[in-house]
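Visitor: File structure25.cif follows (mmCIF, N, CA and C atoms):
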data_coords
loop_
_atom_site.label_atom_id
_atom_site.label_comp_id
_atom_site.auth_asym_id
_atom_site.auth_seq_id
_atom_site.Cartn_x
_atom_site.Cartn_y
_atom_site.Cartn_z
N MET A 1 19.95 4.94 -68.03
CA MET A 1 20.59 6.16 -67.60
C MET A 1 19.84 7.38 -68.12
N ALA A 2 19.20 7.21 -69.22
CA ALA A 2 18.47 8.33 -69.80
C ALA A 2 17.33 8.75 -68.87
N ALA A 3 16.76 7.78 -68.14
CA ALA A 3 15.67 8.09 -67.23
C ALA A 3 16.17 8.97 -66.10
N THR A 4 17.38 8.71 -65.61
CA THR A 4 17.91 9.52 -64.52
C THR A 4 18.30 10.91 -65.00
N GLN A 5 18.66 11.02 -66.28
CA GLN A 5 18.98 12.36 -66.81
C GLN A 5 17.68 13.16 -66.97
N ALA A 6 16.62 12.49 -67.33
CA ALA A 6 15.35 13.18 -67.51
C ALA A 6 14.71 13.49 -66.15
N LYS A 7 14.89 12.60 -65.21
CA LYS A 7 14.32 12.78 -63.86
C LYS A 7 15.44 12.56 -62.84
N PRO A 8 16.21 13.57 -62.50
CA PRO A 8 17.32 13.40 -61.56
C PRO A 8 16.86 12.95 -60.17
N ALA A 9 15.62 13.23 -59.82
CA ALA A 9 15.11 12.81 -58.51
C ALA A 9 15.04 11.30 -58.40
N LEU A 10 15.10 10.62 -59.52
CA LEU A 10 15.08 9.15 -59.54
C LEU A 10 16.29 8.60 -58.80
N TRP A 11 17.41 9.32 -58.82
CA TRP A 11 18.60 8.88 -58.10
C TRP A 11 18.32 8.83 -56.59
N GLN A 12 17.46 9.71 -56.11
CA GLN A 12 17.20 9.77 -54.67
C GLN A 12 16.35 8.60 -54.19
N VAL A 13 15.56 8.01 -55.09
CA VAL A 13 14.70 6.91 -54.67
C VAL A 13 15.13 5.56 -55.21
N ALA A 14 15.90 5.54 -56.29
CA ALA A 14 16.27 4.24 -56.88
C ALA A 14 17.72 4.20 -57.31
N GLY A 15 18.51 5.13 -56.84
CA GLY A 15 19.92 5.17 -57.23
C GLY A 15 20.66 3.89 -56.92
N ASP A 16 20.35 3.27 -55.81
CA ASP A 16 21.03 2.03 -55.44
C ASP A 16 20.72 0.92 -56.44
N LEU A 17 19.48 0.85 -56.89
CA LEU A 17 19.09 -0.20 -57.83
C LEU A 17 19.72 0.04 -59.20
N ILE A 18 19.79 1.29 -59.60
CA ILE A 18 20.38 1.63 -60.90
C ILE A 18 21.85 1.23 -60.91
N VAL A 19 22.61 1.60 -59.85
CA VAL A 19 24.04 1.28 -59.79
C VAL A 19 24.23 -0.22 -59.70
N LYS A 20 23.40 -0.90 -58.97
CA LYS A 20 23.51 -2.36 -58.81
C LYS A 20 23.36 -3.08 -60.16
N ALA A 21 22.55 -2.52 -61.04
CA ALA A 21 22.33 -3.14 -62.35
C ALA A 21 23.46 -2.85 -63.34
N MET A 22 24.34 -1.92 -63.02
CA MET A 22 25.45 -1.56 -63.91
C MET A 22 26.54 -2.62 -63.87
N ASP A 23 27.29 -2.63 -64.91
CA ASP A 23 28.40 -3.57 -65.02
C ASP A 23 29.69 -2.82 -64.72
N TRP A 24 29.83 -2.35 -63.53
CA TRP A 24 31.01 -1.61 -63.09
C TRP A 24 31.75 -2.43 -62.05
N PRO A 25 33.02 -2.18 -61.89
CA PRO A 25 33.71 -2.83 -60.78
C PRO A 25 33.18 -2.22 -59.46
N GLU A 26 32.91 -3.06 -58.52
CA GLU A 26 32.41 -2.69 -57.20
C GLU A 26 31.05 -1.98 -57.24
N ALA A 27 30.26 -2.26 -58.25
CA ALA A 27 28.94 -1.66 -58.37
C ALA A 27 28.05 -2.09 -57.19
N LYS A 28 28.23 -3.32 -56.75
CA LYS A 28 27.41 -3.82 -55.65
C LYS A 28 27.70 -3.03 -54.37
N GLU A 29 28.96 -2.76 -54.05
CA GLU A 29 29.33 -2.00 -52.85
C GLU A 29 28.80 -0.57 -52.93
N ILE A 30 28.90 0.03 -54.11
CA ILE A 30 28.38 1.39 -54.29
C ILE A 30 26.87 1.39 -54.09
N ALA A 31 26.20 0.38 -54.61
CA ALA A 31 24.74 0.28 -54.47
C ALA A 31 24.36 0.15 -53.00
N GLU A 32 25.12 -0.64 -52.26
CA GLU A 32 24.83 -0.80 -50.83
C GLU A 32 24.99 0.53 -50.08
N ARG A 33 26.02 1.25 -50.44
CA ARG A 33 26.25 2.55 -49.82
C ARG A 33 25.11 3.52 -50.13
N LEU A 34 24.69 3.54 -51.40
CA LEU A 34 23.57 4.39 -51.79
C LEU A 34 22.28 3.96 -51.08
N ASN A 35 22.12 2.67 -50.91
CA ASN A 35 20.93 2.13 -50.25
C ASN A 35 20.82 2.66 -48.82
N ARG A 36 21.95 2.76 -48.14
CA ARG A 36 21.94 3.26 -46.76
C ARG A 36 21.57 4.74 -46.70
N MET A 37 21.76 5.46 -47.79
CA MET A 37 21.44 6.89 -47.81
C MET A 37 19.97 7.15 -48.14
N ILE A 38 19.30 6.17 -48.74
CA ILE A 38 17.90 6.33 -49.12
C ILE A 38 17.04 6.06 -47.89
N PRO A 39 15.99 6.87 -47.65
CA PRO A 39 15.13 6.65 -46.48
C PRO A 39 14.55 5.23 -46.45
N GLN A 40 14.45 4.69 -45.27
CA GLN A 40 14.00 3.31 -45.10
C GLN A 40 12.59 3.09 -45.64
N GLU A 41 11.75 4.10 -45.55
CA GLU A 41 10.39 3.96 -46.06
C GLU A 41 10.38 3.63 -47.56
N ILE A 42 11.40 4.08 -48.28
CA ILE A 42 11.48 3.84 -49.72
C ILE A 42 12.09 2.47 -50.00
N THR A 43 13.11 2.09 -49.26
CA THR A 43 13.84 0.85 -49.56
C THR A 43 13.15 -0.40 -49.01
N CYS A 44 12.29 -0.28 -48.03
CA CYS A 44 11.64 -1.45 -47.44
C CYS A 44 10.43 -1.86 -48.26
N ASP A 45 10.13 -3.16 -48.16
CA ASP A 45 8.89 -3.61 -48.80
C ASP A 45 7.72 -3.29 -47.86
N GLU A 46 6.52 -3.45 -48.35
CA GLU A 46 5.34 -3.04 -47.59
C GLU A 46 5.13 -3.89 -46.34
N GLU A 47 5.49 -5.18 -46.41
CA GLU A 47 5.33 -6.04 -45.23
C GLU A 47 6.25 -5.58 -44.10
N ALA A 48 7.47 -5.25 -44.46
CA ALA A 48 8.42 -4.78 -43.45
C ALA A 48 7.95 -3.46 -42.85
N LEU A 49 7.40 -2.60 -43.68
CA LEU A 49 6.88 -1.33 -43.18
C LEU A 49 5.69 -1.56 -42.24
N ALA A 50 4.81 -2.50 -42.60
CA ALA A 50 3.65 -2.80 -41.75
C ALA A 50 4.11 -3.34 -40.39
N LYS A 51 5.09 -4.24 -40.40
CA LYS A 51 5.62 -4.79 -39.15
C LYS A 51 6.25 -3.68 -38.30
N GLN A 52 6.98 -2.80 -38.97
CA GLN A 52 7.63 -1.70 -38.25
C GLN A 52 6.57 -0.77 -37.65
N ALA A 53 5.51 -0.50 -38.38
CA ALA A 53 4.45 0.37 -37.89
C ALA A 53 3.74 -0.27 -36.69
N GLU A 54 3.55 -1.58 -36.75
CA GLU A 54 2.92 -2.28 -35.63
C GLU A 54 3.80 -2.24 -34.39
N SER A 55 5.11 -2.39 -34.60
CA SER A 55 6.03 -2.43 -33.47
C SER A 55 6.22 -1.04 -32.85
N GLN A 56 6.01 -0.01 -33.64
CA GLN A 56 6.14 1.35 -33.10
C GLN A 56 4.79 1.83 -32.62
N GLN A 57 4.61 1.77 -31.34
CA GLN A 57 3.37 2.24 -30.76
C GLN A 57 3.47 3.74 -30.53
N PRO A 58 2.37 4.42 -30.65
CA PRO A 58 2.41 5.86 -30.40
C PRO A 58 2.74 6.10 -28.93
N PRO A 59 3.35 7.22 -28.64
CA PRO A 59 3.68 7.49 -27.24
C PRO A 59 2.39 7.54 -26.41
N PRO A 60 2.47 7.03 -25.20
CA PRO A 60 1.27 6.99 -24.36
C PRO A 60 0.79 8.41 -24.03
N ASP A 61 -0.51 8.52 -23.93
CA ASP A 61 -1.13 9.79 -23.59
C ASP A 61 -0.89 10.06 -22.10
N PRO A 62 -0.29 11.20 -21.75
CA PRO A 62 0.01 11.46 -20.34
C PRO A 62 -1.24 11.48 -19.47
N ILE A 63 -2.34 11.94 -20.01
CA ILE A 63 -3.57 11.97 -19.23
C ILE A 63 -4.05 10.55 -18.95
N GLN A 64 -3.97 9.68 -19.98
CA GLN A 64 -4.37 8.29 -19.79
C GLN A 64 -3.46 7.60 -18.78
N GLU A 65 -2.16 7.90 -18.86
CA GLU A 65 -1.23 7.31 -17.89
C GLU A 65 -1.57 7.76 -16.47
N ALA A 66 -1.84 9.05 -16.32
CA ALA A 66 -2.19 9.58 -15.00
C ALA A 66 -3.48 8.95 -14.49
N MET A 67 -4.46 8.79 -15.38
CA MET A 67 -5.72 8.16 -14.99
C MET A 67 -5.48 6.71 -14.55
N GLY A 68 -4.62 6.02 -15.28
CA GLY A 68 -4.30 4.64 -14.92
C GLY A 68 -3.64 4.56 -13.56
N ARG A 69 -2.67 5.47 -13.31
CA ARG A 69 -1.99 5.48 -12.00
C ARG A 69 -2.98 5.82 -10.90
N LEU A 70 -3.89 6.75 -11.18
CA LEU A 70 -4.90 7.13 -10.20
C LEU A 70 -5.82 5.95 -9.88
N ALA A 71 -6.23 5.23 -10.91
CA ALA A 71 -7.10 4.07 -10.71
C ALA A 71 -6.38 3.01 -9.88
N MET A 72 -5.10 2.79 -10.17
CA MET A 72 -4.33 1.80 -9.42
C MET A 72 -4.19 2.24 -7.96
N ALA A 73 -3.91 3.52 -7.74
CA ALA A 73 -3.77 4.02 -6.37
C ALA A 73 -5.09 3.91 -5.62
N SER A 74 -6.19 4.18 -6.31
CA SER A 74 -7.51 4.07 -5.68
C SER A 74 -7.80 2.62 -5.29
N GLU A 75 -7.50 1.71 -6.17
CA GLU A 75 -7.72 0.28 -5.90
C GLU A 75 -6.84 -0.17 -4.73
N GLU A 76 -5.60 0.30 -4.72
CA GLU A 76 -4.68 -0.06 -3.64
C GLU A 76 -5.18 0.49 -2.31
N ALA A 77 -5.69 1.72 -2.32
CA ALA A 77 -6.23 2.31 -1.10
C ALA A 77 -7.44 1.53 -0.61
N LYS A 78 -8.28 1.07 -1.53
CA LYS A 78 -9.46 0.28 -1.16
C LYS A 78 -9.03 -1.04 -0.52
N ILE A 79 -8.02 -1.67 -1.11
CA ILE A 79 -7.51 -2.93 -0.56
C ILE A 79 -6.95 -2.69 0.84
N ASN A 80 -6.17 -1.59 1.00
CA ASN A 80 -5.61 -1.28 2.32
C ASN A 80 -6.71 -1.01 3.33
N LYS A 81 -7.76 -0.32 2.90
CA LYS A 81 -8.88 -0.02 3.79
C LYS A 81 -9.56 -1.31 4.22
N ASP A 82 -9.79 -2.21 3.27
CA ASP A 82 -10.43 -3.49 3.58
C ASP A 82 -9.56 -4.32 4.53
N GLU A 83 -8.24 -4.31 4.29
CA GLU A 83 -7.34 -5.07 5.16
C GLU A 83 -7.35 -4.49 6.57
N THR A 84 -7.36 -3.16 6.66
CA THR A 84 -7.37 -2.51 7.97
C THR A 84 -8.67 -2.82 8.71
N ALA A 85 -9.79 -2.78 7.99
CA ALA A 85 -11.09 -3.10 8.61
C ALA A 85 -11.10 -4.54 9.10
N ALA A 86 -10.54 -5.45 8.31
CA ALA A 86 -10.49 -6.85 8.72
C ALA A 86 -9.62 -7.02 9.97
N MET A 87 -8.51 -6.32 10.02
CA MET A 87 -7.63 -6.41 11.19
C MET A 87 -8.33 -5.83 12.43
N LEU A 88 -9.05 -4.73 12.24
CA LEU A 88 -9.78 -4.12 13.35
C LEU A 88 -10.86 -5.07 13.86
N ASN A 89 -11.61 -5.69 12.95
CA ASN A 89 -12.65 -6.65 13.35
C ASN A 89 -12.05 -7.84 14.08
N ALA A 90 -10.90 -8.31 13.62
CA ALA A 90 -10.24 -9.43 14.29
C ALA A 90 -9.80 -9.03 15.69
N ALA A 91 -9.28 -7.81 15.84
CA ALA A 91 -8.85 -7.35 17.16
C ALA A 91 -10.05 -7.22 18.10
N LYS A 92 -11.17 -6.70 17.57
CA LYS A 92 -12.38 -6.58 18.41
C LYS A 92 -12.87 -7.96 18.84
N ALA A 93 -12.85 -8.91 17.91
CA ALA A 93 -13.29 -10.27 18.24
C ALA A 93 -12.40 -10.88 19.30
N GLU A 94 -11.11 -10.65 19.20
CA GLU A 94 -10.18 -11.19 20.20
C GLU A 94 -10.41 -10.51 21.56
N GLN A 95 -10.68 -9.20 21.53
CA GLN A 95 -10.95 -8.48 22.77
C GLN A 95 -12.20 -9.05 23.45
N ILE A 96 -13.23 -9.34 22.67
CA ILE A 96 -14.46 -9.92 23.22
C ILE A 96 -14.18 -11.31 23.78
N ALA A 97 -13.38 -12.08 23.06
CA ALA A 97 -13.06 -13.44 23.52
C ALA A 97 -12.30 -13.39 24.85
N VAL A 98 -11.35 -12.48 24.95
CA VAL A 98 -10.58 -12.36 26.21
C VAL A 98 -11.48 -11.89 27.33
N ALA A 99 -12.34 -10.91 27.05
CA ALA A 99 -13.25 -10.41 28.09
C ALA A 99 -14.19 -11.52 28.55
N THR A 100 -14.67 -12.34 27.62
CA THR A 100 -15.56 -13.45 27.96
C THR A 100 -14.83 -14.48 28.81
N GLU A 101 -13.58 -14.73 28.46
CA GLU A 101 -12.78 -15.70 29.20
C GLU A 101 -12.46 -15.19 30.61
N LEU A 102 -12.26 -13.89 30.74
CA LEU A 102 -11.89 -13.33 32.04
C LEU A 102 -13.09 -13.00 32.92
N ALA A 103 -14.30 -12.99 32.37
CA ALA A 103 -15.49 -12.62 33.14
C ALA A 103 -15.66 -13.47 34.40
N PRO A 104 -15.55 -14.81 34.33
CA PRO A 104 -15.71 -15.61 35.57
C PRO A 104 -14.64 -15.29 36.60
N VAL A 105 -13.43 -15.04 36.15
CA VAL A 105 -12.34 -14.72 37.08
C VAL A 105 -12.63 -13.39 37.76
N LYS A 106 -13.11 -12.40 36.99
CA LYS A 106 -13.44 -11.09 37.56
C LYS A 106 -14.57 -11.22 38.58
N LEU A 107 -15.58 -12.03 38.25
CA LEU A 107 -16.68 -12.23 39.21
C LEU A 107 -16.17 -12.84 40.52
N GLU A 108 -15.30 -13.81 40.38
CA GLU A 108 -14.75 -14.47 41.57
C GLU A 108 -13.93 -13.49 42.40
N LEU A 109 -13.13 -12.67 41.72
CA LEU A 109 -12.33 -11.68 42.44
C LEU A 109 -13.22 -10.64 43.12
N ASP A 110 -14.26 -10.21 42.42
CA ASP A 110 -15.20 -9.25 43.02
C ASP A 110 -15.88 -9.84 44.25
N ALA A 111 -16.26 -11.12 44.19
CA ALA A 111 -16.90 -11.78 45.33
C ALA A 111 -15.94 -11.87 46.51
N GLU A 112 -14.69 -12.22 46.23
CA GLU A 112 -13.69 -12.30 47.30
C GLU A 112 -13.45 -10.93 47.92
N LYS A 113 -13.40 -9.92 47.08
CA LYS A 113 -13.19 -8.55 47.56
C LYS A 113 -14.35 -8.14 48.46
N ALA A 114 -15.58 -8.44 48.02
CA ALA A 114 -16.76 -8.09 48.83
C ALA A 114 -16.74 -8.82 50.16
N ALA A 115 -16.39 -10.11 50.12
CA ALA A 115 -16.34 -10.89 51.37
C ALA A 115 -15.27 -10.34 52.29
N HIS A 116 -14.13 -9.98 51.74
CA HIS A 116 -13.05 -9.43 52.54
C HIS A 116 -13.46 -8.09 53.14
N THR A 117 -14.15 -7.29 52.33
CA THR A 117 -14.61 -5.98 52.81
C THR A 117 -15.60 -6.16 53.94
N HIS A 118 -16.54 -7.13 53.81
CA HIS A 118 -17.51 -7.39 54.88
C HIS A 118 -16.82 -7.85 56.15
N LYS A 119 -15.82 -8.73 56.02
CA LYS A 119 -15.08 -9.21 57.20
C LYS A 119 -14.40 -8.04 57.88
N HIS A 120 -13.78 -7.20 57.07
CA HIS A 120 -13.06 -6.05 57.62
C HIS A 120 -14.04 -5.10 58.31
N GLN A 121 -15.20 -4.89 57.67
CA GLN A 121 -16.21 -4.00 58.28
C GLN A 121 -16.75 -4.61 59.57
N ASP A 122 -16.97 -5.93 59.55
CA ASP A 122 -17.45 -6.60 60.76
C ASP A 122 -16.44 -6.47 61.89
N LYS A 123 -15.18 -6.66 61.60
CA LYS A 123 -14.13 -6.53 62.61
C LYS A 123 -14.09 -5.10 63.13
N SER A 124 -14.20 -4.15 62.20
CA SER A 124 -14.17 -2.74 62.61
C SER A 124 -15.35 -2.44 63.51
N LEU A 125 -16.54 -2.97 63.19
CA LEU A 125 -17.73 -2.75 64.03
C LEU A 125 -17.53 -3.36 65.41
N LEU A 126 -16.99 -4.58 65.44
CA LEU A 126 -16.74 -5.25 66.73
C LEU A 126 -15.74 -4.47 67.56
N LEU A 127 -14.67 -3.99 66.88
CA LEU A 127 -13.66 -3.22 67.62
C LEU A 127 -14.25 -1.92 68.16
N ASN A 128 -15.06 -1.26 67.32
CA ASN A 128 -15.69 -0.01 67.77
C ASN A 128 -16.65 -0.26 68.93
N ALA A 129 -17.40 -1.36 68.83
CA ALA A 129 -18.34 -1.69 69.91
C ALA A 129 -17.58 -2.00 71.20
N ALA A 130 -16.48 -2.75 71.06
CA ALA A 130 -15.68 -3.10 72.24
C ALA A 130 -15.08 -1.85 72.85
N LYS A 131 -14.63 -0.95 72.02
CA LYS A 131 -14.03 0.29 72.52
C LYS A 131 -15.09 1.13 73.24
N THR A 132 -16.28 1.19 72.66
CA THR A 132 -17.37 1.96 73.27
C THR A 132 -17.74 1.35 74.63
N ALA A 133 -17.80 0.03 74.65
CA ALA A 133 -18.14 -0.65 75.90
C ALA A 133 -17.06 -0.40 76.95
N THR A 134 -15.83 -0.46 76.53
CA THR A 134 -14.71 -0.23 77.45
C THR A 134 -14.75 1.20 77.95
N ASP A 135 -15.00 2.12 77.07
CA ASP A 135 -15.08 3.53 77.46
C ASP A 135 -16.23 3.74 78.46
N ALA A 136 -17.35 3.07 78.18
CA ALA A 136 -18.50 3.20 79.07
C ALA A 136 -18.18 2.63 80.45
N GLU A 137 -17.53 1.49 80.51
CA GLU A 137 -17.16 0.88 81.79
C GLU A 137 -16.19 1.78 82.54
N TYR A 138 -15.27 2.34 81.80
CA TYR A 138 -14.28 3.21 82.42
C TYR A 138 -14.96 4.43 83.02
N CYS A 139 -15.88 4.97 82.25
CA CYS A 139 -16.59 6.16 82.73
C CYS A 139 -17.45 5.80 83.95
N ALA A 140 -18.05 4.66 83.94
CA ALA A 140 -18.91 4.25 85.03
C ALA A 140 -18.08 4.01 86.29
N ALA A 141 -16.87 3.55 86.15
CA ALA A 141 -16.02 3.26 87.28
C ALA A 141 -15.42 4.53 87.86
N GLN A 142 -15.37 5.56 87.19
CA GLN A 142 -14.81 6.83 87.66
C GLN A 142 -15.85 7.54 88.53
N PRO A 143 -15.39 8.06 89.64
CA PRO A 143 -16.33 8.83 90.47
C PRO A 143 -16.76 10.08 89.72
N GLN A 144 -17.98 10.39 89.93
CA GLN A 144 -18.56 11.56 89.26
C GLN A 144 -18.19 12.80 90.05
N GLN A 145 -17.71 13.73 89.38
CA GLN A 145 -17.41 14.99 90.02
C GLN A 145 -18.52 15.97 89.72
N PRO A 146 -18.93 16.64 90.71
CA PRO A 146 -20.03 17.59 90.46
C PRO A 146 -19.57 18.69 89.52
N GLN A 147 -20.49 19.09 88.78
CA GLN A 147 -20.19 20.16 87.83
C GLN A 147 -20.84 21.42 88.34
N PHE A 148 -20.20 22.41 88.36
CA PHE A 148 -20.72 23.69 88.86
C PHE A 148 -21.09 24.58 87.77
#
Transcribe the structure of this file into structure tokens.
Guide:
Amino acid sequence: MAATQAKPALWQVAGDLIVKAMDWPEAKEIAERLNRMIPQEITCDEEALAKQAESQQPPPDPIQEAMGRLAMASEEAKINKDETAAMLNAAKAEQIAVATELAPVKLELDAEKAAHTHKHQDKSLLLNAAKTATDAEYCAAQPQQPQF
């Protein structure tokens, strides 16, 4: 007790231990109460403090967090770009495949169209020729009237 009278600040760092060592009724309960009032850095052993320091990570740097989010967004955009390019290439390949598959059908349709057009033109020529011949016969059969 003489030490605490000489150094009253000792109560602030070891008061719980001093009371615990006394032979008083309920000294243990008083010591526990005092222990709760003393800062944890003083009452803990060094191993507990080291574990606590390891578990308490410093707050993350906002700039580092922003850089991390930016890097993630950039990577995600690259992935999306690659996926879009792959989809575009697949669509182009499918378009080429369909065009290749339809090419013979188109050629056949074009040939039929040309043949039909020639038949129609031939019929039109025959009809025009027949009409001209008929007109000529009609004119020849009509008496000529003198023109003055």
Visitor: May I ask which of the residues A:Leu109, A:Ala133, A:Ile42, A:Ala115 is the closest one to Ala14 in chain A, counting only C-alpha atoms?
Guide: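 For Ala14 in chain A, the nearest of the candidates is A:Ile42.
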Visitor: Skip Gln12 in chain A itself and residues of its chain fewer than 3 positions away, then list as a VMD selection string all residues within 7 Å of it, counting all atoms listed in the file.
Guide: chain A and resid 8 to 9 15 to 16 38 to 39
Visitor: What does the structure give for the distance between CA of Leu34 in chain A and CA of Lys7 in chain A, in Å to one decimal?
Guide: 17.4 Å
Visitor: So the first atom is CA of Met67 in chain A and the second is CA of Glu54 in chain A; what is the distance between them in Å, to one decimal place?
Guide: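 Computed distance, CA of Met67 in chain A to CA of Glu54 in chain A, equals 24.7 Å.
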Visitor: So what do you get for atom N of Thr84 in chain A versus atom C of Glu101 in chain A, distance-wise?
Guide: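 Taking atom N of Thr84 in chain A and atom C of Glu101 in chain A, their separation equals 27.3 Å.
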Visitor: Would you pick out the contacts of Ala31 in chain A at 10 Å or less, using only C-alpha atoms, so that residues sharing its chain but fewer than 4 positions from it are not included, and give the list as a ChimeraX atom specification?
Guide: /A:14-22,26-27,35-37
